[in-house]
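See below for final39.pdb, which holds PDB, C-alpha atoms and all ligand atoms.
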ATOM      1  CA  MET A  14     161.407 140.090 103.663  1.00  0.00           C
ATOM      2  CA  ASP A  15     160.642 136.364 103.870  1.00  0.00           C
ATOM      3  CA  ASN A  16     160.066 134.986 107.323  1.00  0.00           C
ATOM      4  CA  MET A  17     162.538 132.288 108.226  1.00  0.00           C
ATOM      5  CA  ILE A  18     160.077 130.152 110.211  1.00  0.00           C
ATOM      6  CA  LYS A  19     156.719 129.210 108.757  1.00  0.00           C
ATOM      7  CA  THR A  20     154.369 127.698 111.338  1.00  0.00           C
ATOM      8  CA  LYS A  21     151.017 125.964 110.963  1.00  0.00           C
ATOM      9  CA  LYS A  22     148.181 128.373 110.280  1.00  0.00           C
ATOM     10  CA  ARG A  23     145.594 126.020 111.768  1.00  0.00           C
ATOM     11  CA  GLY A  24     144.249 127.232 115.117  1.00  0.00           C
ATOM     12  CA  SER A  25     144.706 125.349 118.375  1.00  0.00           C
ATOM     13  CA  LEU A  26     141.982 123.272 119.967  1.00  0.00           C
ATOM     14  CA  ILE A  27     141.995 123.718 123.730  1.00  0.00           C
ATOM     15  CA  ILE A  28     139.892 121.679 126.128  1.00  0.00           C
ATOM     16  CA  ILE A  29     139.231 123.120 129.549  1.00  0.00           C
ATOM     17  CA  SER A  30     137.720 120.789 132.104  1.00  0.00           C
ATOM     18  CA  GLY A  31     137.557 121.120 135.836  1.00  0.00           C
ATOM     19  CA  THR A  32     135.969 120.051 139.036  1.00  0.00           C
ATOM     20  CA  THR A  33     132.755 121.590 140.230  1.00  0.00           C
ATOM     21  CA  CYS A  34     133.171 125.156 141.530  1.00  0.00           C
ATOM     22  CA  ALA A  35     136.662 125.421 140.045  1.00  0.00           C
ATOM     23  CA  GLY A  36     135.606 128.683 138.419  1.00  0.00           C
ATOM     24  CA  LYS A  37     136.429 127.496 134.923  1.00  0.00           C
ATOM     25  CA  GLY A  38     133.584 129.531 133.418  1.00  0.00           C
ATOM     26  CA  SER A  39     135.056 132.773 134.819  1.00  0.00           C
ATOM     27  CA  VAL A  40     138.564 131.856 133.681  1.00  0.00           C
ATOM     28  CA  ILE A  41     137.371 131.062 130.147  1.00  0.00           C
ATOM     29  CA  LYS A  42     135.300 134.259 129.938  1.00  0.00           C
ATOM     30  CA  LYS A  43     138.386 136.388 130.691  1.00  0.00           C
ATOM     31  CA  VAL A  44     140.673 134.437 128.370  1.00  0.00           C
ATOM     32  CA  ILE A  45     138.185 134.960 125.533  1.00  0.00           C
ATOM     33  CA  GLU A  46     137.854 138.670 126.368  1.00  0.00           C
ATOM     34  CA  HIS A  47     141.642 139.123 126.218  1.00  0.00           C
ATOM     35  CA  ASN A  48     142.193 137.173 122.985  1.00  0.00           C
ATOM     36  CA  ASN A  49     140.114 138.064 119.991  1.00  0.00           C
ATOM     37  CA  ASN A  50     141.455 135.137 117.970  1.00  0.00           C
ATOM     38  CA  MET A  51     139.780 132.761 120.394  1.00  0.00           C
ATOM     39  CA  THR A  52     136.260 131.335 120.310  1.00  0.00           C
ATOM     40  CA  LEU A  53     134.304 129.264 122.782  1.00  0.00           C
ATOM     41  CA  SER A  54     132.404 126.405 121.206  1.00  0.00           C
ATOM     42  CA  ILE A  55     128.738 126.242 122.203  1.00  0.00           C
ATOM     43  CA  SER A  56     127.581 122.726 123.073  1.00  0.00           C
ATOM     44  CA  TYR A  57     124.272 120.989 122.589  1.00  0.00           C
ATOM     45  CA  THR A  58     122.552 119.729 125.708  1.00  0.00           C
ATOM     46  CA  SER A  59     119.369 117.896 126.557  1.00  0.00           C
ATOM     47  CA  ARG A  60     119.271 119.347 130.061  1.00  0.00           C
ATOM     48  CA  GLN A  61     116.736 121.995 131.080  1.00  0.00           C
ATOM     49  CA  MET A  62     117.658 125.626 130.609  1.00  0.00           C
ATOM     50  CA  ARG A  63     118.419 127.290 133.970  1.00  0.00           C
ATOM     51  CA  LYS A  64     117.311 130.728 135.044  1.00  0.00           C
ATOM     52  CA  GLY A  65     119.562 133.346 133.463  1.00  0.00           C
ATOM     53  CA  GLU A  66     120.818 131.047 130.690  1.00  0.00           C
ATOM     54  CA  VAL A  67     120.452 132.092 127.064  1.00  0.00           C
ATOM     55  CA  GLU A  68     119.829 129.843 124.057  1.00  0.00           C
ATOM     56  CA  GLY A  69     122.849 129.870 121.732  1.00  0.00           C
ATOM     57  CA  ILE A  70     125.078 131.560 124.324  1.00  0.00           C
ATOM     58  CA  ASP A  71     125.238 129.048 127.169  1.00  0.00           C
ATOM     59  CA  TYR A  72     124.110 126.025 125.157  1.00  0.00           C
ATOM     60  CA  TYR A  73     121.870 124.988 122.296  1.00  0.00           C
ATOM     61  CA  PHE A  74     119.055 123.429 124.291  1.00  0.00           C
ATOM     62  CA  ILE A  75     117.477 120.490 122.462  1.00  0.00           C
ATOM     63  CA  THR A  76     115.356 117.486 123.425  1.00  0.00           C
ATOM     64  CA  ARG A  77     116.803 114.031 124.085  1.00  0.00           C
ATOM     65  CA  GLU A  78     115.271 112.800 120.844  1.00  0.00           C
ATOM     66  CA  GLU A  79     116.906 115.624 118.885  1.00  0.00           C
ATOM     67  CA  PHE A  80     120.223 114.897 120.599  1.00  0.00           C
ATOM     68  CA  GLU A  81     120.009 111.194 119.735  1.00  0.00           C
ATOM     69  CA  GLN A  82     119.282 112.150 116.142  1.00  0.00           C
ATOM     70  CA  LYS A  83     122.474 114.238 116.086  1.00  0.00           C
ATOM     71  CA  ILE A  84     124.426 111.237 117.408  1.00  0.00           C
ATOM     72  CA  ALA A  85     122.925 109.043 114.684  1.00  0.00           C
ATOM     73  CA  ASN A  86     123.746 111.634 111.987  1.00  0.00           C
ATOM     74  CA  GLY A  87     127.395 111.823 113.159  1.00  0.00           C
ATOM     75  CA  ASP A  88     127.017 115.560 113.816  1.00  0.00           C
ATOM     76  CA  LEU A  89     128.979 115.526 117.079  1.00  0.00           C
ATOM     77  CA  LEU A  90     132.731 115.593 117.667  1.00  0.00           C
ATOM     78  CA  GLU A  91     132.121 114.035 121.084  1.00  0.00           C
ATOM     79  CA  TYR A  92     129.269 113.610 123.533  1.00  0.00           C
ATOM     80  CA  ALA A  93     128.635 112.231 127.000  1.00  0.00           C
ATOM     81  CA  LYS A  94     125.970 111.839 129.595  1.00  0.00           C
ATOM     82  CA  VAL A  95     127.508 114.183 132.108  1.00  0.00           C
ATOM     83  CA  ARG A  96     124.972 114.806 134.825  1.00  0.00           C
ATOM     84  CA  TYR A  97     121.626 113.237 135.794  1.00  0.00           C
ATOM     85  CA  GLY A  98     121.730 111.219 132.585  1.00  0.00           C
ATOM     86  CA  GLU A  99     121.521 114.355 130.440  1.00  0.00           C
ATOM     87  CA  TYR A 100     123.444 114.587 127.195  1.00  0.00           C
ATOM     88  CA  PHE A 101     126.117 117.205 126.435  1.00  0.00           C
ATOM     89  CA  GLY A 102     127.961 117.289 123.090  1.00  0.00           C
ATOM     90  CA  THR A 103     130.178 119.348 120.800  1.00  0.00           C
ATOM     91  CA  PRO A 104     129.046 120.217 117.252  1.00  0.00           C
ATOM     92  CA  LYS A 105     131.549 118.894 114.737  1.00  0.00           C
ATOM     93  CA  ASP A 106     131.233 121.042 111.600  1.00  0.00           C
ATOM     94  CA  LYS A 107     131.811 124.517 113.080  1.00  0.00           C
ATOM     95  CA  ILE A 108     134.934 123.450 114.969  1.00  0.00           C
ATOM     96  CA  GLU A 109     136.760 122.238 111.844  1.00  0.00           C
ATOM     97  CA  ASP A 110     135.874 125.441 109.957  1.00  0.00           C
ATOM     98  CA  LEU A 111     137.076 127.647 112.804  1.00  0.00           C
ATOM     99  CA  LEU A 112     140.366 125.741 113.224  1.00  0.00           C
ATOM    100  CA  ASN A 113     141.050 125.788 109.484  1.00  0.00           C
ATOM    101  CA  SER A 114     140.469 129.541 109.384  1.00  0.00           C
ATOM    102  CA  GLY A 115     143.220 129.928 112.024  1.00  0.00           C
ATOM    103  CA  LYS A 116     140.951 130.566 115.017  1.00  0.00           C
ATOM    104  CA  ASP A 117     141.756 129.011 118.388  1.00  0.00           C
ATOM    105  CA  VAL A 118     138.795 127.143 119.837  1.00  0.00           C
ATOM    106  CA  ILE A 119     138.071 126.393 123.487  1.00  0.00           C
ATOM    107  CA  LEU A 120     135.840 123.474 124.455  1.00  0.00           C
ATOM    108  CA  GLU A 121     134.521 123.555 128.014  1.00  0.00           C
ATOM    109  CA  ILE A 122     133.697 119.886 128.333  1.00  0.00           C
ATOM    110  CA  ASP A 123     133.961 117.071 130.870  1.00  0.00           C
ATOM    111  CA  VAL A 124     136.647 114.390 131.172  1.00  0.00           C
ATOM    112  CA  GLN A 125     134.725 111.799 129.125  1.00  0.00           C
ATOM    113  CA  GLY A 126     134.476 114.240 126.210  1.00  0.00           C
ATOM    114  CA  ALA A 127     138.119 115.286 126.572  1.00  0.00           C
ATOM    115  CA  LYS A 128     139.200 111.656 126.200  1.00  0.00           C
ATOM    116  CA  GLN A 129     137.172 111.216 123.012  1.00  0.00           C
ATOM    117  CA  VAL A 130     138.494 114.409 121.389  1.00  0.00           C
ATOM    118  CA  LYS A 131     142.133 113.620 122.277  1.00  0.00           C
ATOM    119  CA  GLU A 132     141.766 110.277 120.492  1.00  0.00           C
ATOM    120  CA  ILE A 133     140.421 111.895 117.319  1.00  0.00           C
ATOM    121  CA  LEU A 134     142.652 115.011 117.407  1.00  0.00           C
ATOM    122  CA  PRO A 135     145.819 114.161 119.384  1.00  0.00           C
ATOM    123  CA  GLU A 136     147.228 117.706 119.068  1.00  0.00           C
ATOM    124  CA  THR A 137     144.421 118.974 121.347  1.00  0.00           C
ATOM    125  CA  ILE A 138     145.694 120.793 124.448  1.00  0.00           C
ATOM    126  CA  LEU A 139     144.050 119.503 127.635  1.00  0.00           C
ATOM    127  CA  ILE A 140     143.893 121.852 130.612  1.00  0.00           C
ATOM    128  CA  PHE A 141     142.333 120.903 133.949  1.00  0.00           C
ATOM    129  CA  ILE A 142     141.272 123.611 136.388  1.00  0.00           C
ATOM    130  CA  VAL A 143     140.851 122.814 140.078  1.00  0.00           C
ATOM    131  CA  ALA A 144     139.711 124.685 143.150  1.00  0.00           C
ATOM    132  CA  PRO A 145     142.556 124.886 145.705  1.00  0.00           C
ATOM    133  CA  SER A 146     141.034 122.279 148.074  1.00  0.00           C
ATOM    134  CA  MET A 147     137.989 120.111 148.753  1.00  0.00           C
ATOM    135  CA  SER A 148     137.051 122.342 151.685  1.00  0.00           C
ATOM    136  CA  GLU A 149     137.077 125.325 149.321  1.00  0.00           C
ATOM    137  CA  ILE A 150     134.757 123.374 146.980  1.00  0.00           C
ATOM    138  CA  LYS A 151     132.479 122.744 149.987  1.00  0.00           C
ATOM    139  CA  ARG A 152     132.489 126.460 150.782  1.00  0.00           C
ATOM    140  CA  ARG A 153     131.744 127.457 147.177  1.00  0.00           C
ATOM    141  CA  ILE A 154     128.869 124.938 146.860  1.00  0.00           C
ATOM    142  CA  LYS A 155     127.327 126.265 150.106  1.00  0.00           C
ATOM    143  CA  ALA A 156     127.668 129.848 148.888  1.00  0.00           C
ATOM    144  CA  ARG A 157     125.836 128.940 145.677  1.00  0.00           C
ATOM    145  CA  GLY A 158     122.876 127.500 147.610  1.00  0.00           C
ATOM    146  CA  ALA A 159     119.688 126.614 145.726  1.00  0.00           C
ATOM    147  CA  GLU A 160     120.581 122.952 145.136  1.00  0.00           C
ATOM    148  CA  THR A 161     119.014 119.790 146.522  1.00  0.00           C
ATOM    149  CA  ASN A 162     121.081 117.411 148.650  1.00  0.00           C
ATOM    150  CA  GLU A 163     120.941 114.937 145.789  1.00  0.00           C
ATOM    151  CA  GLN A 164     122.454 117.473 143.384  1.00  0.00           C
ATOM    152  CA  ILE A 165     125.186 118.388 145.871  1.00  0.00           C
ATOM    153  CA  LEU A 166     126.041 114.716 146.371  1.00  0.00           C
ATOM    154  CA  ASP A 167     126.226 114.279 142.613  1.00  0.00           C
ATOM    155  CA  ARG A 168     128.648 117.230 142.359  1.00  0.00           C
ATOM    156  CA  PHE A 169     130.963 115.676 144.967  1.00  0.00           C
ATOM    157  CA  GLU A 170     130.797 112.218 143.389  1.00  0.00           C
ATOM    158  CA  THR A 171     131.701 113.712 140.020  1.00  0.00           C
ATOM    159  CA  ALA A 172     134.473 115.868 141.499  1.00  0.00           C
ATOM    160  CA  TYR A 173     136.185 112.877 143.138  1.00  0.00           C
ATOM    161  CA  ARG A 174     135.855 110.820 139.963  1.00  0.00           C
ATOM    162  CA  GLU A 175     137.259 113.630 137.808  1.00  0.00           C
ATOM    163  CA  ILE A 176     140.246 114.324 140.051  1.00  0.00           C
ATOM    164  CA  ASN A 177     141.410 110.777 139.277  1.00  0.00           C
ATOM    165  CA  GLU A 178     141.509 111.714 135.595  1.00  0.00           C
ATOM    166  CA  ILE A 179     143.937 114.640 136.037  1.00  0.00           C
ATOM    167  CA  PRO A 180     147.002 112.604 134.886  1.00  0.00           C
ATOM    168  CA  LYS A 181     145.396 112.265 131.437  1.00  0.00           C
ATOM    169  CA  TYR A 182     145.578 116.056 130.991  1.00  0.00           C
ATOM    170  CA  ASN A 183     148.572 118.087 129.750  1.00  0.00           C
ATOM    171  CA  TYR A 184     148.295 120.969 132.214  1.00  0.00           C
ATOM    172  CA  ILE A 185     146.813 121.666 135.638  1.00  0.00           C
ATOM    173  CA  VAL A 186     145.821 125.134 136.819  1.00  0.00           C
ATOM    174  CA  VAL A 187     144.854 125.735 140.434  1.00  0.00           C
ATOM    175  CA  ASN A 188     142.325 128.531 140.623  1.00  0.00           C
ATOM    176  CA  ASP A 189     142.936 130.217 143.964  1.00  0.00           C
ATOM    177  CA  ASN A 190     143.105 133.630 142.309  1.00  0.00           C
ATOM    178  CA  LEU A 191     141.165 134.359 139.130  1.00  0.00           C
ATOM    179  CA  ASP A 192     143.688 136.698 137.460  1.00  0.00           C
ATOM    180  CA  ASP A 193     146.574 134.306 138.143  1.00  0.00           C
ATOM    181  CA  ALA A 194     144.601 131.382 136.759  1.00  0.00           C
ATOM    182  CA  VAL A 195     143.767 133.388 133.616  1.00  0.00           C
ATOM    183  CA  LYS A 196     147.451 134.293 133.160  1.00  0.00           C
ATOM    184  CA  LYS A 197     148.439 130.649 133.507  1.00  0.00           C
ATOM    185  CA  VAL A 198     145.932 129.474 130.906  1.00  0.00           C
ATOM    186  CA  GLU A 199     147.048 132.219 128.499  1.00  0.00           C
ATOM    187  CA  SER A 200     150.715 131.333 129.041  1.00  0.00           C
ATOM    188  CA  ILE A 201     149.999 127.688 128.287  1.00  0.00           C
ATOM    189  CA  ILE A 202     148.324 128.639 125.019  1.00  0.00           C
ATOM    190  CA  VAL A 203     151.179 130.987 124.021  1.00  0.00           C
ATOM    191  CA  SER A 204     153.796 128.319 124.832  1.00  0.00           C
ATOM    192  CA  GLU A 205     151.927 125.762 122.765  1.00  0.00           C
ATOM    193  CA  LYS A 206     152.116 128.144 119.775  1.00  0.00           C
ATOM    194  CA  CYS A 207     155.935 128.122 120.106  1.00  0.00           C
ATOM    195  CA  ARG A 208     156.252 124.353 119.954  1.00  0.00           C
ATOM    196  CA  VAL A 209     158.766 123.151 117.400  1.00  0.00           C
ATOM    197  CA  ASP A 210     156.281 120.611 116.074  1.00  0.00           C
ATOM    198  CA  ARG A 211     154.127 123.508 114.818  1.00  0.00           C
ATOM    199  CA  ILE A 212     156.870 124.427 112.321  1.00  0.00           C
ATOM    200  CA  GLU A 213     155.916 123.676 108.733  1.00  0.00           C
ATOM    201  CA  GLU A 214     159.017 125.003 107.032  1.00  0.00           C
ATOM    202  CA  ILE A 215     162.343 126.625 107.870  1.00  0.00           C
ATOM    203  CA  TYR A 216     163.507 128.858 105.050  1.00  0.00           C
ATOM    204  CA  VAL A 217     167.014 130.338 104.992  1.00  0.00           C
ATOM    205  CA  GLU A 218     168.542 132.064 102.007  1.00  0.00           C
ATOM    206  CA  ASN A 219     171.776 130.732 100.571  1.00  0.00           C
ATOM    207  CA  LYS A 220     174.645 131.605 102.933  1.00  0.00           C
ATOM    208  CA  GLU A 221     177.166 132.736 100.275  1.00  0.00           C
ATOM    209  CA  GLU A 222     174.577 134.978  98.634  1.00  0.00           C
ATOM    210  CA  ILE A 223     173.640 136.635 101.913  1.00  0.00           C
ATOM    211  CA  ILE A 224     177.289 137.285 102.847  1.00  0.00           C
ATOM    212  CA  HIS A 225     178.076 138.551  99.351  1.00  0.00           C
ATOM    213  CA  GLU A 226     175.050 140.896  99.380  1.00  0.00           C
ATOM    214  CA  PHE A 227     176.002 142.113 102.813  1.00  0.00           C
ATOM    215  CA  LEU A 228     179.605 142.897 101.915  1.00  0.00           C
ATOM    216  CA  MET A 229     179.098 144.240  98.385  1.00  0.00           C
ATOM    217  CA  GLY A 230     175.533 145.324  98.140  1.00  0.00           C
ATOM    218  CA  LYS A 231     173.265 148.149  99.105  1.00  0.00           C
ATOM    219  CA  GLU A 232     172.648 147.088 102.661  1.00  0.00           C
ATOM    220  CA  TYR A 233     176.275 147.698 103.585  1.00  0.00           C
ATOM    221  CA  ASP A 234     176.496 151.022 101.666  1.00  0.00           C
ATOM    222  CA  ASN A 235     173.244 152.221 103.150  1.00  0.00           C
ATOM    223  CA  SER A 236     174.293 151.382 106.645  1.00  0.00           C
ATOM    224  CA  ILE A 237     177.575 153.348 106.208  1.00  0.00           C
ATOM    225  CA  LYS A 238     175.640 156.269 104.687  1.00  0.00           C
ATOM    226  CA  THR A 239     173.077 156.218 107.508  1.00  0.00           C
ATOM    227  CA  ILE A 240     175.836 156.257 110.106  1.00  0.00           C
ATOM    228  CA  ASN A 241     177.647 159.121 108.313  1.00  0.00           C
ATOM    229  CA  ASP A 242     174.386 161.108 108.058  1.00  0.00           C
ATOM    230  CA  ALA A 243     173.643 160.506 111.682  1.00  0.00           C
ATOM    231  CA  ILE A 244     177.113 161.725 112.702  1.00  0.00           C
ATOM    232  CA  LYS A 245     176.712 164.870 110.541  1.00  0.00           C
ATOM    233  CA  ASN A 246     173.305 165.650 112.012  1.00  0.00           C
ATOM    234  CA  THR A 247     174.523 165.498 115.565  1.00  0.00           C
ATOM    235  CA  LYS A 248     177.311 168.027 114.934  1.00  0.00           C
TER     236      LYS A 248
HETATM  237  P1  LIG B 301     126.360 122.491 133.820  1.00  0.00           P
HETATM  238  O1  LIG B 301     126.292 123.355 132.598  1.00  0.00           O
HETATM  239  O2  LIG B 301     125.161 121.583 133.925  1.00  0.00           O
HETATM  240  O3  LIG B 301     126.677 123.236 135.071  1.00  0.00           O
HETATM  241  O4  LIG B 301     127.620 121.539 133.705  1.00  0.00           O
HETATM  242  C1  LIG B 301     127.815 120.840 132.612  1.00  0.00           C
HETATM  243  C2  LIG B 301     128.990 119.918 132.696  1.00  0.00           C
HETATM  244  O5  LIG B 301     129.046 119.320 131.434  1.00  0.00           O
HETATM  245  C3  LIG B 301     130.342 120.605 132.901  1.00  0.00           C
HETATM  246  O6  LIG B 301     131.218 119.728 133.577  1.00  0.00           O
HETATM  247  C4  LIG B 301     130.832 120.821 131.494  1.00  0.00           C
HETATM  248  O7  LIG B 301     132.250 120.820 131.397  1.00  0.00           O
HETATM  249  C5  LIG B 301     130.252 119.614 130.786  1.00  0.00           C
HETATM  250  N1  LIG B 301     129.954 119.901 129.376  1.00  0.00           N
HETATM  251  C6  LIG B 301     129.409 121.024 128.843  1.00  0.00           C
HETATM  252  N2  LIG B 301     129.318 120.916 127.519  1.00  0.00           N
HETATM  253  C7  LIG B 301     129.811 119.700 127.188  1.00  0.00           C
HETATM  254  C8  LIG B 301     129.988 118.992 125.969  1.00  0.00           C
HETATM  255  O8  LIG B 301     129.696 119.467 124.870  1.00  0.00           O
HETATM  256  N3  LIG B 301     130.510 117.745 126.058  1.00  0.00           N
HETATM  257  C9  LIG B 301     130.866 117.167 127.236  1.00  0.00           C
HETATM  258  N4  LIG B 301     131.399 115.951 127.192  1.00  0.00           N
HETATM  259  N5  LIG B 301     130.727 117.799 128.404  1.00  0.00           N
HETATM  260  C10 LIG B 301     130.204 119.045 128.385  1.00  0.00           C
END

Can you dump the structure from the file as structure tokens?
Ligand code: 5GP
Amino acid sequence: MDNMIKTKKRGSLIIISGTTCAGKGSVIKKVIEHNNNMTLSISYTSRQMRKGEVEGIDYYFITREEFEQKIANGDLLEYAKVRYGEYFGTPKDKIEDLLNSGKDVILEIDVQGAKQVKEILPETILIFIVAPSMSEIKRRIKARGAETNEQILDRFETAYREINEIPKYNYIVVNDNLDDAVKKVESIIVSEKCRVDRIEEIYVENKEEIIHEFLMGKEYDNSIKTINDAIKNTK
């Protein structure tokens, strides 16, 4: 049977940004675990690898010179100096291939990068994740420990700057409970799939033909026969 509604096969590009300590990494991890059609893009960065991070899983760690070469070659979909003057950027080629093969791709990038991608690919879905309050951010930063005062200050500066950018996003998710936040992100993605502007074609068979087939053809006879058989069998 032909499906009546044919929608775009191309996957969705989803950007997830968020303030410091919003828990966006945990949300994304669960969303990816639940949805095997979804991939997280791995960024390039010039920043130092931290303890526990893995090359090719957390980032592709490259030098500043290598990063600048990638910019010059046009290899990046977007890039920004996010923290302490270090570069972060999204590889261009893999993303297009994944989207064209029907995969949904998540980019975990900052607000500067989100703005650049939205300009190039306006259908991109922008989701911003926030911690419930600034005092909760304070609590989470303290609990993390192991950061210099300068780094903590930088986190707060960035958080305040990024909160001002929320109106540029399509959706906001408050992460006061991980499972709820995951459900919200998944619901957003499902709803986006149902958008009317994803329809490529609406195909309906000729009305007279369908009615004629229904009244005269097999479908009608079969349905009567099935009902009669069912009645017999219950006796
Ligand atoms: P970190 O990994 O140092 O804790 O945080 C990195 C910050 O850079 C996060 O805010 C993250 O969203 C952002 N980021 C990571 N990868 C990219 C990227 O490819 N492009 C941009 N613009 N930001 C990124």

For this session: Residues within 9 Å of ligand LIG 301 (chain B), counting only C-alpha atoms and all ligand atoms: report them as a ChimeraX atom specification.
Result: /A:29-33,37,54-58,60-61,63,71-72,89-96,99-104,120-129,171

Exercise. Mind telling me what the PyMOL selection byres (((chain A and resi 34) around 7) and not hetatm) catches here, as an MDAnalysis selection string?
Worked result: chainID A and resid 32:33 35:36 144 150 153:154

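Using only C-alpha atoms, the nearest neighbour of Leu166 of chain A within the list A:Glu149, A:Ile215, A:Tyr97, A:Asp192 is A:Tyr97.
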
For this session: Might you spell out which residues the PyMOL selection byres (((chain A and resi 108-118) around 12) and not hetatm) would select in the displayed file, as a PyMOL selection string?
Result: chain A and resi 20-29+41+44-45+48-56+88-91+103-107+119-121+130+134+137-138+199+202-203+205-206

Those residues you just picked out, can you put them in a file as a PDB file, in the frame of the given file with C-alpha atoms?
ATOM      1  CA  THR A  20     154.369 127.698 111.338  1.00  0.00           C
ATOM      2  CA  LYS A  21     151.017 125.964 110.963  1.00  0.00           C
ATOM      3  CA  LYS A  22     148.181 128.373 110.280  1.00  0.00           C
ATOM      4  CA  ARG A  23     145.594 126.020 111.768  1.00  0.00           C
ATOM      5  CA  GLY A  24     144.249 127.232 115.117  1.00  0.00           C
ATOM      6  CA  SER A  25     144.706 125.349 118.375  1.00  0.00           C
ATOM      7  CA  LEU A  26     141.982 123.272 119.967  1.00  0.00           C
ATOM      8  CA  ILE A  27     141.995 123.718 123.730  1.00  0.00           C
ATOM      9  CA  ILE A  28     139.892 121.679 126.128  1.00  0.00           C
ATOM     10  CA  ILE A  29     139.231 123.120 129.549  1.00  0.00           C
ATOM     11  CA  ILE A  41     137.371 131.062 130.147  1.00  0.00           C
ATOM     12  CA  VAL A  44     140.673 134.437 128.370  1.00  0.00           C
ATOM     13  CA  ILE A  45     138.185 134.960 125.533  1.00  0.00           C
ATOM     14  CA  ASN A  48     142.193 137.173 122.985  1.00  0.00           C
ATOM     15  CA  ASN A  49     140.114 138.064 119.991  1.00  0.00           C
ATOM     16  CA  ASN A  50     141.455 135.137 117.970  1.00  0.00           C
ATOM     17  CA  MET A  51     139.780 132.761 120.394  1.00  0.00           C
ATOM     18  CA  THR A  52     136.260 131.335 120.310  1.00  0.00           C
ATOM     19  CA  LEU A  53     134.304 129.264 122.782  1.00  0.00           C
ATOM     20  CA  SER A  54     132.404 126.405 121.206  1.00  0.00           C
ATOM     21  CA  ILE A  55     128.738 126.242 122.203  1.00  0.00           C
ATOM     22  CA  SER A  56     127.581 122.726 123.073  1.00  0.00           C
ATOM     23  CA  ASP A  88     127.017 115.560 113.816  1.00  0.00           C
ATOM     24  CA  LEU A  89     128.979 115.526 117.079  1.00  0.00           C
ATOM     25  CA  LEU A  90     132.731 115.593 117.667  1.00  0.00           C
ATOM     26  CA  GLU A  91     132.121 114.035 121.084  1.00  0.00           C
ATOM     27  CA  THR A 103     130.178 119.348 120.800  1.00  0.00           C
ATOM     28  CA  PRO A 104     129.046 120.217 117.252  1.00  0.00           C
ATOM     29  CA  LYS A 105     131.549 118.894 114.737  1.00  0.00           C
ATOM     30  CA  ASP A 106     131.233 121.042 111.600  1.00  0.00           C
ATOM     31  CA  LYS A 107     131.811 124.517 113.080  1.00  0.00           C
ATOM     32  CA  ILE A 119     138.071 126.393 123.487  1.00  0.00           C
ATOM     33  CA  LEU A 120     135.840 123.474 124.455  1.00  0.00           C
ATOM     34  CA  GLU A 121     134.521 123.555 128.014  1.00  0.00           C
ATOM     35  CA  VAL A 130     138.494 114.409 121.389  1.00  0.00           C
ATOM     36  CA  LEU A 134     142.652 115.011 117.407  1.00  0.00           C
ATOM     37  CA  THR A 137     144.421 118.974 121.347  1.00  0.00           C
ATOM     38  CA  ILE A 138     145.694 120.793 124.448  1.00  0.00           C
ATOM     39  CA  GLU A 199     147.048 132.219 128.499  1.00  0.00           C
ATOM     40  CA  ILE A 202     148.324 128.639 125.019  1.00  0.00           C
ATOM     41  CA  VAL A 203     151.179 130.987 124.021  1.00  0.00           C
ATOM     42  CA  GLU A 205     151.927 125.762 122.765  1.00  0.00           C
ATOM     43  CA  LYS A 206     152.116 128.144 119.775  1.00  0.00           C
TER      44      LYS A 206
END

For this session: Run through the PyMOL selection byres (((chain A and resi 197) around 10) and not hetatm) on the given coordinates and return the selected residues as an MDAnalysis selection string.
Result: chainID A and resid 40 184:188 191:196 198:203

Put a box with edges along x, y and z around all the listed atoms of segment 125-135 of chain A, pad it by 3 Å on each side, then give me its centre and sizes in Å, one decimal, as AutoDock Vina command-line options.
--center_x 140.1 --center_y 112.8 --center_z 123.2 --size_x 17.3 --size_y 11.0 --size_z 17.8
